[in-house]
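Here the structure is laid out as structure tokens; the discussion comes afterwards.
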Amino acid sequence: MQQQVLRHFAATGRAPGAAVLEPVASRFGRTAGEALAGLAAEDFLTLHGEGRIQAAYPFSAVPTGHRVSIAGGAEVWSMCAIDALGIPAMLDADAVISSRDPVSTEPVTVTATGGRMVWEPDSALVFVGRRSCTGSAAAVCCDVLNFFTDEASARRWAEGHPDVLGEVVGHARAEHLGAQNFGGLLGEG
């Protein structure tokens, strides 16, 4: 079911509805609602109060600060910077990631071509952190994993968010985290 959800997001840019998911869930003797509730309980996705998919990591059904244009596919929103970096690895596809530094509002673009990523500006990096609380990834960390144009901007942001624990990471580490988290999600199955 999780793979069906992710493939639908990648192909359409939207969360699948019950009509798309019911046939998949019925193969396992469940309803789509039951299957989605199980995935939500394990924090593979989040649901609106009425049971519709709000996010299926790395994708968001609602606009975020991170837009990914997939070559040969859809334009999608990602939950965070690391999720955005994981989408090209997950889909084995070229993509353009567009974001903005939350402090300076300057654009940050990462272009993935043939497994290689080019960052603009080259000084851009990612703050990887989490709030000091418990809950789903969406509640604890997704909105604090952001692209920044440079280290000074990321440090300013971190100083203004003392409830967030984390670190600034460069291109290689951020790309590795994205690929590690999402690269194998759409393997066989």
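Quick note on naming: the chains in the structure tokens go A, B, ... in the order shown, residues restart at 1 in each chain, and ligands are numbered from 1 in order of appearance.
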Distance query Phe44 (chain A) at most 8 Å, only C-alpha atoms, self and fewer than 3 positions along chain excluded, as a VMD selection string: chain A and resid 2 39 to 41 56 to 57
Output file for the residues above (C-alpha atoms, as a PDB file, in the first residue's frame):
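Now in again_5.pdb:
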ATOM      1  CA  GLN A   2       2.797   2.439   0.880  1.00  0.00           C
ATOM      2  CA  LEU A  39       0.615   3.204   7.916  1.00  0.00           C
ATOM      3  CA  ALA A  40      -0.186   6.330   9.935  1.00  0.00           C
ATOM      4  CA  ALA A  41       0.275   4.446  13.214  1.00  0.00           C
ATOM      5  CA  ALA A  56       3.375  10.255   2.744  1.00  0.00           C
ATOM      6  CA  TYR A  57       7.060  10.817   3.395  1.00  0.00           C
TER       7      TYR A  57
END
Selection: 6 Å around region 69-71 of chain A, only C-alpha atoms, excl. self and same-chain fewer than 4 positions, as number ranges by chain: A: 75, 94-96
Restricted to N, CA and C atoms, what would the selected residues look like written as a short mmCIF file (atom, residue, chain, number, x, y, z; two decimals), in the first residue's frame?
data_model
loop_
_atom_site.label_atom_id
_atom_site.label_comp_id
_atom_site.auth_asym_id
_atom_site.auth_seq_id
_atom_site.Cartn_x
_atom_site.Cartn_y
_atom_site.Cartn_z
N GLU A 75 5.10 17.62 -10.66
CA GLU A 75 5.67 18.53 -9.68
C GLU A 75 5.04 18.18 -8.35
N ASP A 94 15.87 12.21 -12.65
CA ASP A 94 16.39 13.56 -12.56
C ASP A 94 15.28 14.45 -11.99
N ALA A 95 15.68 15.51 -11.32
CA ALA A 95 14.70 16.40 -10.71
C ALA A 95 15.33 17.75 -10.42
N VAL A 96 14.48 18.75 -10.25
CA VAL A 96 14.92 20.07 -9.81
C VAL A 96 14.17 20.40 -8.53
#
Give me the region 92-129 of chain A side of the contact with region 166-177 of chain A, cut-off 8 Å, one line per residue showing its nearest atom pair and distance in Å at one decimal, counting only C-alpha atoms, sorted by chain and residue number, as a tab-separated table.
residue	atom	partner	partner_atom	distance
A:Trp119	CA	A:His171	CA	7.8
A:Ala124	CA	A:Gly170	CA	7.7
A:Leu125	CA	A:Gly170	CA	5.0
A:Val126	CA	A:Val169	CA	5.4
A:Phe127	CA	A:Val168	CA	4.4
A:Val128	CA	A:Gly166	CA	5.4
A:Gly129	CA	A:Gly166	CA	3.7
Near-Gly17 (chain A) list (10 Å; only C-alpha atoms; drop same-chain fewer than 4 positions) as an NGL selection string: :A and (5 or 8 or 21-22 or 32 or 51-53)
Let me see the file: selected residues, N, CA and C atoms, as a PDB file, in the first residue's frame.
ATOM      1  N   VAL A   5       0.860   4.396  -2.766  1.00  0.00           N
ATOM      2  CA  VAL A   5       0.681   5.799  -2.386  1.00  0.00           C
ATOM      3  C   VAL A   5       1.822   6.641  -2.949  1.00  0.00           C
ATOM      4  N   HIS A   8       1.733   6.985  -6.766  1.00  0.00           N
ATOM      5  CA  HIS A   8       0.666   7.897  -7.189  1.00  0.00           C
ATOM      6  C   HIS A   8       1.104   9.348  -7.013  1.00  0.00           C
ATOM      7  N   LEU A  21      -6.968   3.269  -3.888  1.00  0.00           N
ATOM      8  CA  LEU A  21      -6.346   2.400  -2.886  1.00  0.00           C
ATOM      9  C   LEU A  21      -7.173   1.170  -2.510  1.00  0.00           C
ATOM     10  N   GLU A  22      -8.484   1.226  -2.662  1.00  0.00           N
ATOM     11  CA  GLU A  22      -9.330   0.090  -2.252  1.00  0.00           C
ATOM     12  C   GLU A  22      -8.915  -1.233  -2.912  1.00  0.00           C
ATOM     13  N   ALA A  32      -9.167   0.397   2.469  1.00  0.00           N
ATOM     14  CA  ALA A  32      -8.131   1.419   2.321  1.00  0.00           C
ATOM     15  C   ALA A  32      -7.970   2.193   3.623  1.00  0.00           C
ATOM     16  N   GLY A  51      -9.457  11.175   7.429  1.00  0.00           N
ATOM     17  CA  GLY A  51      -8.817   9.977   6.893  1.00  0.00           C
ATOM     18  C   GLY A  51      -8.133  10.126   5.554  1.00  0.00           C
ATOM     19  N   ARG A  52      -8.124  11.328   4.968  1.00  0.00           N
ATOM     20  CA  ARG A  52      -7.397  11.541   3.711  1.00  0.00           C
ATOM     21  C   ARG A  52      -5.917  11.721   3.999  1.00  0.00           C
ATOM     22  N   ILE A  53      -5.098  11.332   3.040  1.00  0.00           N
ATOM     23  CA  ILE A  53      -3.649  11.446   3.200  1.00  0.00           C
ATOM     24  C   ILE A  53      -3.235  12.916   3.160  1.00  0.00           C
TER      25      ILE A  53
END
Region 141-146 of chain A surroundings by only C-alpha atoms, 10 Å radius, close-in-sequence under 4 positions cut, as a count of residues only: 38
Backbone-only DSSP, helix (DSSP H, G or I) members of region 122-158 of chain A, as a list in words: Ala137, Ala138, Ala139, Val140, Cys142, Asp143, Val144, Glu151, Ala152, Ser153, Ala154, Arg155, Arg156, Trp157 and Ala158 of chain A
Best match for closeness to Val103 (chain A) among A:Thr31, A:Thr149, A:Thr46, A:Asn181, counting only C-alpha atoms: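 Result for the nearest residue to Val103 (chain A): A:Thr149.
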Distance of CA of Arg67 (chain A) from CA of Ala18 (chain A), expressed in Å to one decimal place: 25.0 Å
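From CA of Gln4 (chain A) back to CA of Phe147 (chain A), the distance works out to 28.6 Å.
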